[in-house]
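Heads up, query.csv below (CSV, C-alpha atoms and all ligand atoms):
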```csv
chain,number,residue,atom,x,y,z
P,1,MET,CA,186.1,16.1,57.3
P,2,GLN,CA,185.5,19.9,57.2
P,3,LYS,CA,188.8,21.9,57.5
P,4,ARG,CA,188.7,24.6,60.2
P,5,LYS,CA,188.1,28.1,58.7
P,6,LYS,CA,190.9,30.7,58.8
P,7,ILE,CA,190.2,34.2,60.1
P,8,ALA,CA,192.7,37.0,59.6
P,9,LEU,CA,192.5,40.0,62.0
P,10,ILE,CA,194.2,42.9,60.4
P,11,GLY,CA,194.9,45.1,63.4
P,12,ALA,CA,195.7,43.6,66.8
P,13,GLY,CA,194.6,46.5,69.0
P,14,ASN,CA,191.6,46.8,71.4
P,15,ILE,CA,189.1,45.5,68.9
P,16,GLY,CA,191.4,43.0,67.2
P,17,GLY,CA,192.4,41.4,70.5
P,18,THR,CA,188.8,41.2,71.6
P,19,LEU,CA,187.8,39.6,68.2
P,20,ALA,CA,190.4,36.9,68.7
P,21,PHE,CA,189.1,36.2,72.2
P,22,LEU,CA,185.5,35.9,70.9
P,23,ILE,CA,186.6,33.7,68.0
P,24,ALA,CA,188.4,31.4,70.5
P,25,ILE,CA,185.4,31.1,72.8
P,26,ARG,CA,183.1,30.3,69.9
P,27,GLU,CA,185.7,28.2,68.0
P,28,LEU,CA,184.7,30.0,64.8
P,29,GLY,CA,188.1,29.3,63.2
P,30,ASP,CA,191.9,29.5,63.4
P,31,VAL,CA,193.1,33.1,64.0
P,32,VAL,CA,196.0,35.0,62.5
P,33,LEU,CA,196.5,38.3,64.3
P,34,PHE,CA,198.3,40.8,62.1
P,35,ASP,CA,199.7,44.2,63.1
P,36,VAL,CA,202.5,46.5,62.1
P,37,MET,CA,203.5,46.9,65.7
P,38,GLU,CA,206.3,44.5,66.6
P,39,GLY,CA,205.3,42.3,69.5
P,40,THR,CA,201.6,43.3,69.8
P,41,PRO,CA,200.1,40.5,67.7
P,42,GLN,CA,202.7,38.0,68.9
P,43,GLY,CA,202.1,38.9,72.6
P,44,LYS,CA,198.3,38.8,72.3
P,45,ALA,CA,198.5,35.5,70.4
P,46,LEU,CA,200.7,34.0,73.1
P,47,ASP,CA,198.3,35.1,75.8
P,48,LEU,CA,195.4,33.7,73.9
P,49,ASN,CA,197.2,30.4,73.5
P,50,HIS,CA,197.6,30.3,77.2
P,51,ALA,CA,193.8,30.8,77.5
P,52,LEU,CA,192.7,28.0,75.1
P,53,PRO,CA,192.9,25.2,77.7
P,54,VAL,CA,190.6,27.1,80.1
P,55,LEU,CA,188.4,28.3,77.3
P,56,ASN,CA,188.0,24.7,76.2
P,57,SER,CA,188.9,25.9,72.7
P,58,SER,CA,190.8,23.9,70.1
P,59,ILE,CA,191.6,26.6,67.5
P,60,SER,CA,195.1,27.8,66.7
P,61,VAL,CA,196.1,31.5,67.2
P,62,VAL,CA,199.2,33.0,65.5
P,63,GLY,CA,200.5,36.6,65.8
P,64,THR,CA,202.5,38.1,62.9
P,65,ASN,CA,203.9,41.2,61.3
P,66,ASP,CA,204.0,39.4,57.9
P,67,TYR,CA,201.1,39.4,55.5
P,68,LYS,CA,202.1,36.0,54.0
P,69,ASP,CA,200.8,34.5,57.2
P,70,ILE,CA,197.2,35.4,56.3
P,71,ALA,CA,197.4,33.4,53.1
P,72,GLY,CA,194.2,31.6,52.3
P,73,ALA,CA,192.1,33.3,55.0
P,74,ASP,CA,188.4,32.8,54.6
P,75,VAL,CA,187.5,36.1,56.4
P,76,CYS,CA,189.6,39.2,57.0
P,77,ILE,CA,188.4,41.7,59.7
P,78,ILE,CA,190.1,45.1,59.4
P,79,THR,CA,190.5,47.2,62.5
P,80,ALA,CA,193.8,48.7,61.5
P,81,GLY,CA,193.9,52.4,62.0
P,82,LEU,CA,193.7,55.1,64.6
P,83,ALA,CA,190.9,55.3,67.1
P,84,ARG,CA,189.3,58.5,68.3
P,85,LYS,CA,190.4,60.5,71.3
P,86,PRO,CA,188.1,62.9,73.2
P,87,GLY,CA,187.2,65.8,71.0
P,88,MET,CA,187.8,64.0,67.8
P,89,SER,CA,185.1,63.1,65.2
P,90,ARG,CA,185.3,59.9,63.2
P,91,ASP,CA,185.9,62.1,60.1
P,92,ASP,CA,189.1,63.4,61.7
P,93,LEU,CA,190.6,60.0,61.1
P,94,ILE,CA,190.2,60.0,57.3
P,95,SER,CA,193.6,60.8,56.0
P,96,THR,CA,195.7,58.6,58.3
P,97,ASN,CA,193.4,55.7,58.1
P,98,ALA,CA,193.0,56.0,54.4
P,99,SER,CA,196.7,55.5,53.8
P,100,ILE,CA,196.7,52.5,56.3
P,101,MET,CA,193.7,51.0,54.4
P,102,LYS,CA,195.6,51.2,51.1
P,103,ALA,CA,198.4,49.1,52.6
P,104,VAL,CA,196.0,46.7,54.2
P,105,ALA,CA,194.0,46.2,51.0
P,106,ALA,CA,197.1,45.4,49.1
P,107,GLY,CA,198.1,42.7,51.6
P,108,ILE,CA,194.6,41.1,51.5
P,109,ARG,CA,194.4,41.3,47.7
P,110,GLN,CA,197.8,39.5,47.5
P,111,TYR,CA,197.3,36.8,50.1
P,112,ALA,CA,193.5,36.3,50.8
P,113,PRO,CA,191.9,37.0,47.4
P,114,ASN,CA,188.9,34.8,48.1
P,115,SER,CA,188.1,36.1,51.6
P,116,LEU,CA,185.1,38.0,52.8
P,117,VAL,CA,186.3,41.4,54.1
P,118,ILE,CA,184.6,43.0,57.1
P,119,VAL,CA,185.8,46.6,57.6
P,120,VAL,CA,185.6,48.1,61.1
P,121,SER,CA,188.1,51.0,60.9
P,122,ASN,CA,186.7,54.5,61.0
P,123,PRO,CA,185.4,56.6,59.3
P,124,LEU,CA,183.6,53.4,58.5
P,125,ASP,CA,181.6,54.3,55.4
P,126,VAL,CA,184.7,55.8,53.7
P,127,MET,CA,187.0,53.0,54.8
P,128,VAL,CA,184.8,50.3,53.4
P,129,THR,CA,184.4,52.2,50.1
P,130,LEU,CA,188.2,52.5,49.9
P,131,CYS,CA,188.8,48.9,50.8
P,132,GLN,CA,186.5,47.6,48.1
P,133,LYS,CA,188.1,50.0,45.5
P,134,GLU,CA,191.7,49.0,46.5
P,135,THR,CA,191.1,45.3,46.8
P,136,GLY,CA,188.9,45.2,43.6
P,137,PHE,CA,186.9,42.4,45.4
P,138,PRO,CA,183.2,42.0,44.3
P,139,THR,CA,181.0,44.3,46.4
P,140,ASN,CA,179.2,41.3,47.9
P,141,LYS,CA,182.5,40.3,49.6
P,142,VAL,CA,183.3,43.7,51.2
P,143,ILE,CA,181.0,44.8,54.0
P,144,GLY,CA,181.3,47.5,56.6
P,145,MET,CA,180.5,46.9,60.3
P,146,ALA,CA,178.6,49.8,62.0
P,147,GLY,CA,174.9,49.2,61.8
P,148,VAL,CA,175.0,46.0,63.9
P,149,LEU,CA,176.8,48.0,66.6
P,150,ASP,CA,174.6,51.1,66.4
P,151,SER,CA,171.5,48.9,66.4
P,152,ALA,CA,172.8,47.0,69.4
P,153,ARG,CA,173.2,50.3,71.2
P,154,TYR,CA,169.6,51.3,70.3
P,155,ARG,CA,168.4,47.8,71.5
P,156,ALA,CA,170.4,48.1,74.8
P,157,PHE,CA,169.1,51.5,75.7
P,158,LEU,CA,165.5,50.5,74.9
P,159,ALA,CA,165.8,47.4,76.9
P,160,GLN,CA,167.0,49.4,79.9
P,161,GLU,CA,164.2,51.9,79.4
P,162,ILE,CA,161.5,49.2,79.3
P,163,GLY,CA,163.0,46.7,81.7
P,164,VAL,CA,163.2,43.7,79.3
P,165,SER,CA,166.0,41.6,77.9
P,166,PRO,CA,167.9,43.3,75.0
P,167,THR,CA,167.5,40.0,73.1
P,168,VAL,CA,163.8,40.6,72.6
P,169,ILE,CA,164.2,44.0,71.0
P,170,ASN,CA,164.5,44.1,67.2
P,171,ALA,CA,165.8,47.4,65.8
P,172,PHE,CA,167.7,48.8,62.9
P,173,VAL,CA,169.9,51.8,62.8
P,174,LEU,CA,170.7,52.6,59.1
P,175,GLY,CA,172.6,55.1,57.1
P,176,GLY,CA,176.2,56.3,57.7
P,177,HIS,CA,178.1,55.6,60.9
P,178,GLY,CA,178.1,59.1,62.1
P,179,ASP,CA,176.0,61.7,64.0
P,180,ASP,CA,173.4,61.5,61.3
P,181,MET,CA,172.8,57.8,61.6
P,182,VAL,CA,169.1,56.8,61.3
P,183,PRO,CA,167.4,54.8,64.0
P,184,ILE,CA,164.4,53.2,62.3
P,185,ARG,CA,161.7,53.7,64.9
P,186,SER,CA,158.9,52.4,62.6
P,187,HIS,CA,160.5,48.9,62.5
P,188,THR,CA,161.5,48.7,66.1
P,189,THR,CA,159.7,46.0,68.1
P,190,VAL,CA,159.7,44.4,71.6
P,191,GLY,CA,158.9,40.7,71.2
P,192,GLY,CA,157.2,41.6,67.9
P,193,ILE,CA,155.2,44.4,69.5
P,194,PRO,CA,155.8,48.0,68.1
P,195,ILE,CA,158.0,50.1,70.4
P,196,THR,CA,155.4,52.8,70.6
P,197,ASN,CA,153.4,50.6,72.9
P,198,PHE,CA,156.1,50.9,75.5
P,199,VAL,CA,157.9,54.2,75.1
P,200,THR,CA,156.7,57.8,74.5
P,201,PRO,CA,157.8,59.7,71.4
P,202,GLU,CA,159.7,62.2,73.7
P,203,ARG,CA,161.7,59.4,75.4
P,204,LEU,CA,162.3,57.8,72.0
P,205,ASP,CA,163.7,61.1,70.8
P,206,ALA,CA,166.1,61.2,73.8
P,207,ILE,CA,167.2,57.6,73.4
P,208,GLU,CA,167.8,57.9,69.7
P,209,LYS,CA,169.9,61.0,70.4
P,210,ARG,CA,171.9,59.0,72.9
P,211,VAL,CA,172.4,56.2,70.3
P,212,ARG,CA,173.9,58.8,67.8
P,213,GLY,CA,176.3,59.9,70.5
P,214,ALA,CA,177.0,56.6,72.1
P,215,GLY,CA,180.4,56.1,70.5
P,216,GLY,CA,181.5,59.6,71.7
P,217,GLU,CA,180.1,58.9,75.2
P,218,VAL,CA,182.4,55.8,75.5
P,219,VAL,CA,185.4,57.8,74.1
P,220,GLY,CA,184.7,60.6,76.7
P,221,LEU,CA,184.7,58.1,79.5
P,222,LEU,CA,187.7,56.0,78.4
P,223,LYS,CA,189.7,59.0,77.3
P,224,THR,CA,192.5,56.8,75.7
P,225,GLY,CA,190.5,55.2,73.0
P,226,SER,CA,187.0,54.1,71.8
P,227,ALA,CA,184.6,51.2,72.3
P,228,PHE,CA,185.9,47.7,71.6
P,229,TYR,CA,183.7,45.1,73.3
P,230,SER,CA,180.5,46.0,71.3
P,231,PRO,CA,182.2,46.6,68.0
P,232,ALA,CA,184.0,43.3,68.3
P,233,GLY,CA,180.8,41.5,69.2
P,234,ALA,CA,179.0,43.1,66.2
P,235,ALA,CA,181.8,42.1,63.8
P,236,ILE,CA,181.7,38.5,65.0
P,237,GLU,CA,177.9,38.4,64.4
P,238,MET,CA,178.6,39.2,60.8
P,239,ALA,CA,181.6,36.8,60.4
P,240,ALA,CA,179.6,34.0,62.0
P,241,SER,CA,176.7,34.6,59.6
P,242,TYR,CA,179.1,34.2,56.7
P,243,LEU,CA,181.2,31.3,58.0
P,244,LEU,CA,178.1,29.3,59.3
P,245,ASP,CA,175.8,30.4,56.4
P,246,GLN,CA,173.3,31.6,59.0
P,247,LYS,CA,171.6,34.1,56.6
P,248,LYS,CA,171.0,36.6,59.4
P,249,VAL,CA,169.4,39.9,58.6
P,250,LEU,CA,171.8,42.5,59.9
P,251,ALA,CA,172.3,46.3,59.4
P,252,CYS,CA,175.6,46.7,57.6
P,253,ALA,CA,177.4,49.1,55.2
P,254,ALA,CA,176.7,47.4,51.8
P,255,PHE,CA,177.2,48.6,48.3
P,256,LEU,CA,173.9,50.1,46.8
P,257,ASN,CA,173.2,49.7,43.2
P,258,GLY,CA,169.8,51.3,43.0
P,259,GLU,CA,168.4,50.1,46.3
P,260,TYR,CA,166.7,52.9,48.3
P,261,GLY,CA,167.1,54.9,45.1
P,262,MET,CA,170.8,55.2,45.6
P,263,HIS,CA,173.8,54.1,43.3
P,264,ASP,CA,177.5,53.5,43.7
P,265,LEU,CA,177.5,54.1,47.5
P,266,TYR,CA,178.2,52.1,50.6
P,267,LEU,CA,175.6,52.8,53.2
P,268,GLY,CA,174.1,51.0,56.3
P,269,VAL,CA,171.1,49.0,55.2
P,270,PRO,CA,169.4,45.7,56.2
P,271,ILE,CA,171.2,42.8,54.4
P,272,VAL,CA,171.2,39.0,54.5
P,273,ILE,CA,174.7,37.6,55.2
P,274,GLY,CA,175.3,34.0,54.2
P,275,LYS,CA,178.0,31.8,52.5
P,276,ASP,CA,178.1,34.2,49.5
P,277,GLY,CA,178.6,37.3,51.6
P,278,VAL,CA,176.0,39.9,51.0
P,279,GLU,CA,173.2,37.6,49.7
P,280,LYS,CA,170.4,40.2,49.6
P,281,ILE,CA,169.8,43.9,50.3
P,282,ILE,CA,166.4,44.3,51.9
P,283,GLN,CA,164.4,47.3,51.1
P,284,ILE,CA,162.0,48.2,53.9
P,285,ASN,CA,159.3,50.8,53.9
P,286,LEU,CA,160.4,54.0,55.6
P,287,THR,CA,158.4,56.9,56.9
P,288,ASP,CA,158.9,60.2,55.1
P,289,SER,CA,161.1,61.5,57.9
P,290,GLU,CA,163.2,58.3,57.9
P,291,LYS,CA,163.6,58.5,54.1
P,292,ALA,CA,164.7,62.2,54.4
P,293,ALA,CA,167.1,61.4,57.2
P,294,LEU,CA,168.6,58.5,55.2
P,295,GLN,CA,169.2,60.9,52.3
P,296,VAL,CA,171.0,63.4,54.5
P,297,SER,CA,173.2,60.6,55.9
P,298,ALA,CA,173.9,59.3,52.4
P,299,GLU,CA,174.9,62.8,51.2
P,300,HIS,CA,177.4,63.1,54.1
P,301,VAL,CA,178.9,59.8,53.2
P,302,ARG,CA,179.2,60.9,49.5
P,303,GLU,CA,180.9,64.2,50.6
P,304,LEU,CA,183.5,62.2,52.8
P,305,VAL,CA,184.2,59.8,49.9
P,306,ALA,CA,184.6,62.7,47.5
P,307,ALA,CA,187.2,64.2,49.9
P,308,LEU,CA,189.4,61.1,49.9
P,309,PRO,CA,192.9,61.8,48.6
P,310,GLN,CA,193.0,60.3,45.1
C,401,LIG,O1,181.5,50.8,64.5
C,401,LIG,C1,182.6,51.0,64.1
C,401,LIG,N1,182.9,50.6,62.9
C,401,LIG,C2,183.7,51.6,65.0
C,401,LIG,C3,185.1,51.4,64.5
C,401,LIG,C4,183.5,51.3,66.4
C,401,LIG,C5,184.6,51.5,67.3
C,401,LIG,C6,186.0,51.7,66.8
C,401,LIG,N2,186.0,52.0,65.4
C,401,LIG,C7,187.4,52.1,64.7
C,401,LIG,O2,188.0,50.8,64.7
C,401,LIG,C8,188.3,53.0,65.4
C,401,LIG,O3,188.0,54.3,65.2
C,401,LIG,C9,189.6,52.6,64.7
C,401,LIG,O4,189.7,53.2,63.5
C,401,LIG,C10,189.4,51.1,64.5
C,401,LIG,C11,190.2,50.2,65.5
C,401,LIG,O5,189.9,50.6,66.8
C,401,LIG,P1,190.7,50.0,68.1
C,401,LIG,O6,190.1,50.5,69.3
C,401,LIG,O7,191.0,48.5,67.9
C,401,LIG,O8,192.1,50.8,67.8
C,401,LIG,P2,193.6,50.4,68.4
C,401,LIG,O9,193.4,49.7,69.7
C,401,LIG,O10,194.4,51.6,68.3
C,401,LIG,O11,194.1,49.3,67.3
C,401,LIG,C12,194.4,49.7,66.0
C,401,LIG,C13,195.5,48.8,65.6
C,401,LIG,C14,196.8,49.1,66.4
C,401,LIG,O12,197.3,48.0,67.1
C,401,LIG,C15,197.8,49.6,65.3
C,401,LIG,O13,199.1,49.2,65.6
C,401,LIG,C16,197.2,48.9,64.1
C,401,LIG,O14,195.8,49.1,64.2
C,401,LIG,N3,197.7,49.4,62.9
C,401,LIG,C17,197.9,48.7,61.8
C,401,LIG,N4,197.7,47.3,61.6
C,401,LIG,C18,198.0,46.9,60.4
C,401,LIG,N5,198.5,47.6,59.4
C,401,LIG,C19,198.7,48.9,59.5
C,401,LIG,N6,199.2,49.7,58.5
C,401,LIG,C20,198.4,49.5,60.8
C,401,LIG,N7,198.5,50.8,61.3
C,401,LIG,C21,198.1,50.7,62.6
```
Would you kindly transcribe this structure into structure tokens?
Ligand code: TXD
Amino acid sequence: MQKRKKIALIGAGNIGGTLAFLIAIRELGDVVLFDVMEGTPQGKALDLNHALPVLNSSISVVGTNDYKDIAGADVCIITAGLARKPGMSRDDLISTNASIMKAVAAGIRQYAPNSLVIVVSNPLDVMVTLCQKETGFPTNKVIGMAGVLDSARYRAFLAQEIGVSPTVINAFVLGGHGDDMVPIRSHTTVGGIPITNFVTPERLDAIEKRVRGAGGEVVGLLKTGSAFYSPAGAAIEMAASYLLDQKKVLACAAFLNGEYGMHDLYLGVPIVIGKDGVEKIIQINLTDSEKAALQVSAEHVRELVAALPQ
């Protein structure tokens, strides 16, 4: 009999709570909600337990402020850290979230040494780099969530533009999770048909600009925090592909060791996620402008990582 998987959510804030809710609905595994705030994880876990009967869900949900409760987790999803407020860039979060990440990585290293770690906290590319360094986990077991979200935003805007279901749009947004992220127009299709059959270059330029600013657009509207439904949904897509060995092809921040001509860098690229974590990094043909944009984005990530306090 297969034992239920254990999923540790490090950070029980907006995204953490939504992750727990999605895991409960899909019965992906038992949930441990961890946070440093006294009461937050416990309160959300209690509320979720009240929901299980009406969600028709048989998982268990626990809230804790003690890392020992994540012992043996199969997946750790890290959302611990500050979120942006209006006027802030993701890069503004570096110093605070870097010190948080060090504490989180130590807890995961001690109690969940065999877990797959999915990093969500911003600035994403720096945080996933730091997490892998501080945990010492193999690079195929530490992945950053950004590309699935950015690609979902691209797909959503294109679906609205064309008047089709977002589920028939395939698209990748690669590179760093910042204003220089790279929508890959040359590989974007609607039911397998190239996007250029449906949308003019001018409208695609406008939509891709909106994708790059989509996070900030939500922050500007919410005023008190950043997006959480779509990031949570994106992270669950990754966790499910690992836990169920789905081998989905997803845009994620993965460690490059020569792929795309880059070394020793976490960057958003298409990967296969299965039972071994990052099972493959897929190298796709890019146009010259896409290649150049990816280089610019990679350079920005390198600069941010270099600026990390040692
Ligand atoms: O695509 C992406 N990767 C981004 C990521 C999309 C949207 C949001 N992005 C980032 O995720 C955002 O900029 C933040 O850095 C994280 C989490 O966003 P969320 O909206 O969930 O932030 P909250 O609601 O403030 O929750 C953060 C929680 C909060 O409950 C804190 O008490 C907790 O993190 N926290 C900690 N937990 C554990 N350990 C430590 N040290 C800690 N410090 C704070």
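Across the structure, atom CA of P:Phe157 and atom CA of P:Asp92 are spaced 27.2 Å apart.
The shortest atom-to-atom distance to P:Asn257, with all atoms listed in the file taken into account, belongs to P:Ile281 out of P:Asp276, P:Ser57, P:Ile100, P:Ile281.
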Do a neighbour search on stretch 108-112 of chain P at 10 Å with only C-alpha atoms, toss out local chain neighbours closer than 6 positions, and write the hits as a PDB file with C-alpha atoms, keeping the file's coordinate frame.
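Saved to result.pdb:
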```
ATOM      1  CA  ALA P   8     192.700  37.000  59.600  1.00  0.00           C
ATOM      2  CA  ILE P  10     194.200  42.900  60.400  1.00  0.00           C
ATOM      3  CA  TYR P  67     201.100  39.400  55.500  1.00  0.00           C
ATOM      4  CA  LYS P  68     202.100  36.000  54.000  1.00  0.00           C
ATOM      5  CA  ASP P  69     200.800  34.500  57.200  1.00  0.00           C
ATOM      6  CA  ILE P  70     197.200  35.400  56.300  1.00  0.00           C
ATOM      7  CA  ALA P  71     197.400  33.400  53.100  1.00  0.00           C
ATOM      8  CA  GLY P  72     194.200  31.600  52.300  1.00  0.00           C
ATOM      9  CA  ALA P  73     192.100  33.300  55.000  1.00  0.00           C
ATOM     10  CA  ASP P  74     188.400  32.800  54.600  1.00  0.00           C
ATOM     11  CA  VAL P  75     187.500  36.100  56.400  1.00  0.00           C
ATOM     12  CA  CYS P  76     189.600  39.200  57.000  1.00  0.00           C
ATOM     13  CA  ILE P  78     190.100  45.100  59.400  1.00  0.00           C
ATOM     14  CA  CYS P 131     188.800  48.900  50.800  1.00  0.00           C
ATOM     15  CA  GLU P 134     191.700  49.000  46.500  1.00  0.00           C
ATOM     16  CA  THR P 135     191.100  45.300  46.800  1.00  0.00           C
ATOM     17  CA  GLY P 136     188.900  45.200  43.600  1.00  0.00           C
ATOM     18  CA  PHE P 137     186.900  42.400  45.400  1.00  0.00           C
TER      19      PHE P 137
END
```
P:Gly29 environment, 8 Å, only C-alpha atoms, sequence neighbours closer than 3 positions dropped, as a ChimeraX atom specification
/P:4-7,23-24,59-60
Here is a test: counting only C-alpha atoms, which residue of P:Ile184, P:Arg84, P:Thr196, P:Gly277 is nearest to P:Asn114?
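Looking at the shortest contact to P:Asn114, the residue is P:Gly277.
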List every protein, DNA or RNA residue that has at least one atom no more than 10 Å from (179.8, 60.2, 69.0) in the file's coordinates, counting all atoms listed in the file, and write the result as a list in words.
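Those within range, by chain then number, are Arg84, Pro86, Gly87, Met88, Ser89, Arg90, His177, Gly178, Asp179, Arg210, Val211, Arg212, Gly213, Ala214, Gly215, Gly216, Glu217, Val218, Val219, Gly220 and Ser226 of chain P.
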If you keep C-alpha atoms, can you produce a file of those selected residues as a short mmCIF file (atom, residue, chain, number, x, y, z; two decimals), in the coordinates of the input?
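Listed below is the output, out-v4.cif:
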```cif
data_model
loop_
_atom_site.label_atom_id
_atom_site.label_comp_id
_atom_site.auth_asym_id
_atom_site.auth_seq_id
_atom_site.Cartn_x
_atom_site.Cartn_y
_atom_site.Cartn_z
CA ARG P 84 189.30 58.50 68.30
CA PRO P 86 188.10 62.90 73.20
CA GLY P 87 187.20 65.80 71.00
CA MET P 88 187.80 64.00 67.80
CA SER P 89 185.10 63.10 65.20
CA ARG P 90 185.30 59.90 63.20
CA HIS P 177 178.10 55.60 60.90
CA GLY P 178 178.10 59.10 62.10
CA ASP P 179 176.00 61.70 64.00
CA ARG P 210 171.90 59.00 72.90
CA VAL P 211 172.40 56.20 70.30
CA ARG P 212 173.90 58.80 67.80
CA GLY P 213 176.30 59.90 70.50
CA ALA P 214 177.00 56.60 72.10
CA GLY P 215 180.40 56.10 70.50
CA GLY P 216 181.50 59.60 71.70
CA GLU P 217 180.10 58.90 75.20
CA VAL P 218 182.40 55.80 75.50
CA VAL P 219 185.40 57.80 74.10
CA GLY P 220 184.70 60.60 76.70
CA SER P 226 187.00 54.10 71.80
#
```
Shell around P:Ile118 at 9 Å using only C-alpha atoms, local window under 3 positions removed, as a ChimeraX atom specification:
/P:75-78,128,141-145,235,238-239
Distance filter 8 Å around ligand LIG 401 (chain C), atoms: all atoms listed in the file, out as an NGL selection string
:P and (10-17 or 34-37 or 40 or 78-84 or 90 or 93 or 97 or 99-101 or 103-104 or 119-124 or 144-147 or 149-150 or 177 or 215 or 225-228 or 230-231)
Who sits within 12 Å of P:Pro194, all atoms listed in the file, same chain under 2 positions skipped, as a ChimeraX atom specification
/P:168-171,184-192,196-200
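Minimum atom-to-atom distance to P:Leu28, evaluated using all atoms listed in the file, belongs to P:Ser58 out of P:Leu304, P:Asp264, P:Ser58, P:Val278.
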Take atom CA of P:Ala98 and atom CA of P:Asn65 and report the distance between them in Å, one decimal.
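Answer for the atom CA of P:Ala98 to atom CA of P:Asn65 separation: 19.6 Å.
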For P:Val296, please output as a PDB file with C-alpha atoms, in the coordinates of the input all residues within 10 Å (counting only C-alpha atoms; exclusion window: fewer than 6 positions along the same chain).
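So the final result, stored in around-v5.pdb, reads:
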```pdb
ATOM      1  CA  GLY P 175     172.600  55.100  57.100  1.00  0.00           C
ATOM      2  CA  GLY P 176     176.200  56.300  57.700  1.00  0.00           C
ATOM      3  CA  ASP P 180     173.400  61.500  61.300  1.00  0.00           C
ATOM      4  CA  MET P 181     172.800  57.800  61.600  1.00  0.00           C
ATOM      5  CA  VAL P 182     169.100  56.800  61.300  1.00  0.00           C
ATOM      6  CA  GLU P 290     163.200  58.300  57.900  1.00  0.00           C
ATOM      7  CA  ARG P 302     179.200  60.900  49.500  1.00  0.00           C
TER       8      ARG P 302
END
```
Point-to-point distance from atom CA of P:Ala254 to atom CA of P:Pro183, Å rounded to tenths
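Interatomic distance here is 17.0 Å.
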Shortest interatomic distance to P:Gly268 - which of P:Glu208, P:Asp125, P:Asp91, P:Asp30, counting all atoms listed in the file
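Checking each of P:Glu208, P:Asp125, P:Asp91, P:Asp30 against P:Gly268, counting all atoms listed in the file, the winner is P:Asp125.
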Which is closer to P:Gln132 than all the others in P:Ser95, P:Pro113, P:Leu174, P:Thr167, using all atoms listed in the file?
P:Pro113
Stretch 223-234 of chain P rebuilt with N, CA, C and O atoms, output as a PDB file, in the coordinates of the input:
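Final output, result-v8.pdb:
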```pdb
ATOM      1  N   LYS P 223     188.713  57.999  77.544  1.00  0.00           N
ATOM      2  CA  LYS P 223     189.700  59.000  77.300  1.00  0.00           C
ATOM      3  C   LYS P 223     190.918  58.553  76.461  1.00  0.00           C
ATOM      4  O   LYS P 223     191.528  59.331  75.743  1.00  0.00           O
ATOM      5  N   THR P 224     191.273  57.251  76.483  1.00  0.00           N
ATOM      6  CA  THR P 224     192.500  56.800  75.700  1.00  0.00           C
ATOM      7  C   THR P 224     192.102  56.080  74.453  1.00  0.00           C
ATOM      8  O   THR P 224     192.971  55.607  73.747  1.00  0.00           O
ATOM      9  N   GLY P 225     190.830  55.890  74.174  1.00  0.00           N
ATOM     10  CA  GLY P 225     190.500  55.200  73.000  1.00  0.00           C
ATOM     11  C   GLY P 225     188.958  55.048  72.856  1.00  0.00           C
ATOM     12  O   GLY P 225     188.240  55.744  73.585  1.00  0.00           O
ATOM     13  N   SER P 226     188.498  54.159  71.946  1.00  0.00           N
ATOM     14  CA  SER P 226     187.000  54.100  71.800  1.00  0.00           C
ATOM     15  C   SER P 226     186.530  52.675  72.119  1.00  0.00           C
ATOM     16  O   SER P 226     187.301  51.808  72.539  1.00  0.00           O
ATOM     17  N   ALA P 227     185.229  52.482  71.897  1.00  0.00           N
ATOM     18  CA  ALA P 227     184.600  51.200  72.300  1.00  0.00           C
ATOM     19  C   ALA P 227     185.255  50.046  71.586  1.00  0.00           C
ATOM     20  O   ALA P 227     185.715  50.178  70.438  1.00  0.00           O
ATOM     21  N   PHE P 228     185.298  48.890  72.266  1.00  0.00           N
ATOM     22  CA  PHE P 228     185.900  47.700  71.600  1.00  0.00           C
ATOM     23  C   PHE P 228     185.099  46.434  71.861  1.00  0.00           C
ATOM     24  O   PHE P 228     185.012  45.581  70.975  1.00  0.00           O
ATOM     25  N   TYR P 229     184.457  46.289  73.018  1.00  0.00           N
ATOM     26  CA  TYR P 229     183.700  45.100  73.300  1.00  0.00           C
ATOM     27  C   TYR P 229     182.513  44.979  72.273  1.00  0.00           C
ATOM     28  O   TYR P 229     182.318  43.977  71.575  1.00  0.00           O
ATOM     29  N   SER P 230     181.737  46.077  72.185  1.00  0.00           N
ATOM     30  CA  SER P 230     180.500  46.000  71.300  1.00  0.00           C
ATOM     31  C   SER P 230     180.877  45.999  69.847  1.00  0.00           C
ATOM     32  O   SER P 230     180.261  45.230  69.098  1.00  0.00           O
ATOM     33  N   PRO P 231     181.876  46.762  69.376  1.00  0.00           N
ATOM     34  CA  PRO P 231     182.200  46.600  68.000  1.00  0.00           C
ATOM     35  C   PRO P 231     182.725  45.207  67.616  1.00  0.00           C
ATOM     36  O   PRO P 231     182.400  44.661  66.567  1.00  0.00           O
ATOM     37  N   ALA P 232     183.505  44.633  68.545  1.00  0.00           N
ATOM     38  CA  ALA P 232     184.000  43.300  68.300  1.00  0.00           C
ATOM     39  C   ALA P 232     182.848  42.278  68.230  1.00  0.00           C
ATOM     40  O   ALA P 232     182.764  41.445  67.317  1.00  0.00           O
ATOM     41  N   GLY P 233     181.932  42.400  69.181  1.00  0.00           N
ATOM     42  CA  GLY P 233     180.800  41.500  69.200  1.00  0.00           C
ATOM     43  C   GLY P 233     179.956  41.627  67.914  1.00  0.00           C
ATOM     44  O   GLY P 233     179.494  40.633  67.340  1.00  0.00           O
ATOM     45  N   ALA P 234     179.824  42.863  67.445  1.00  0.00           N
ATOM     46  CA  ALA P 234     179.000  43.100  66.200  1.00  0.00           C
ATOM     47  C   ALA P 234     179.720  42.489  65.005  1.00  0.00           C
ATOM     48  O   ALA P 234     179.071  41.863  64.164  1.00  0.00           O
TER      49      ALA P 234
END
```
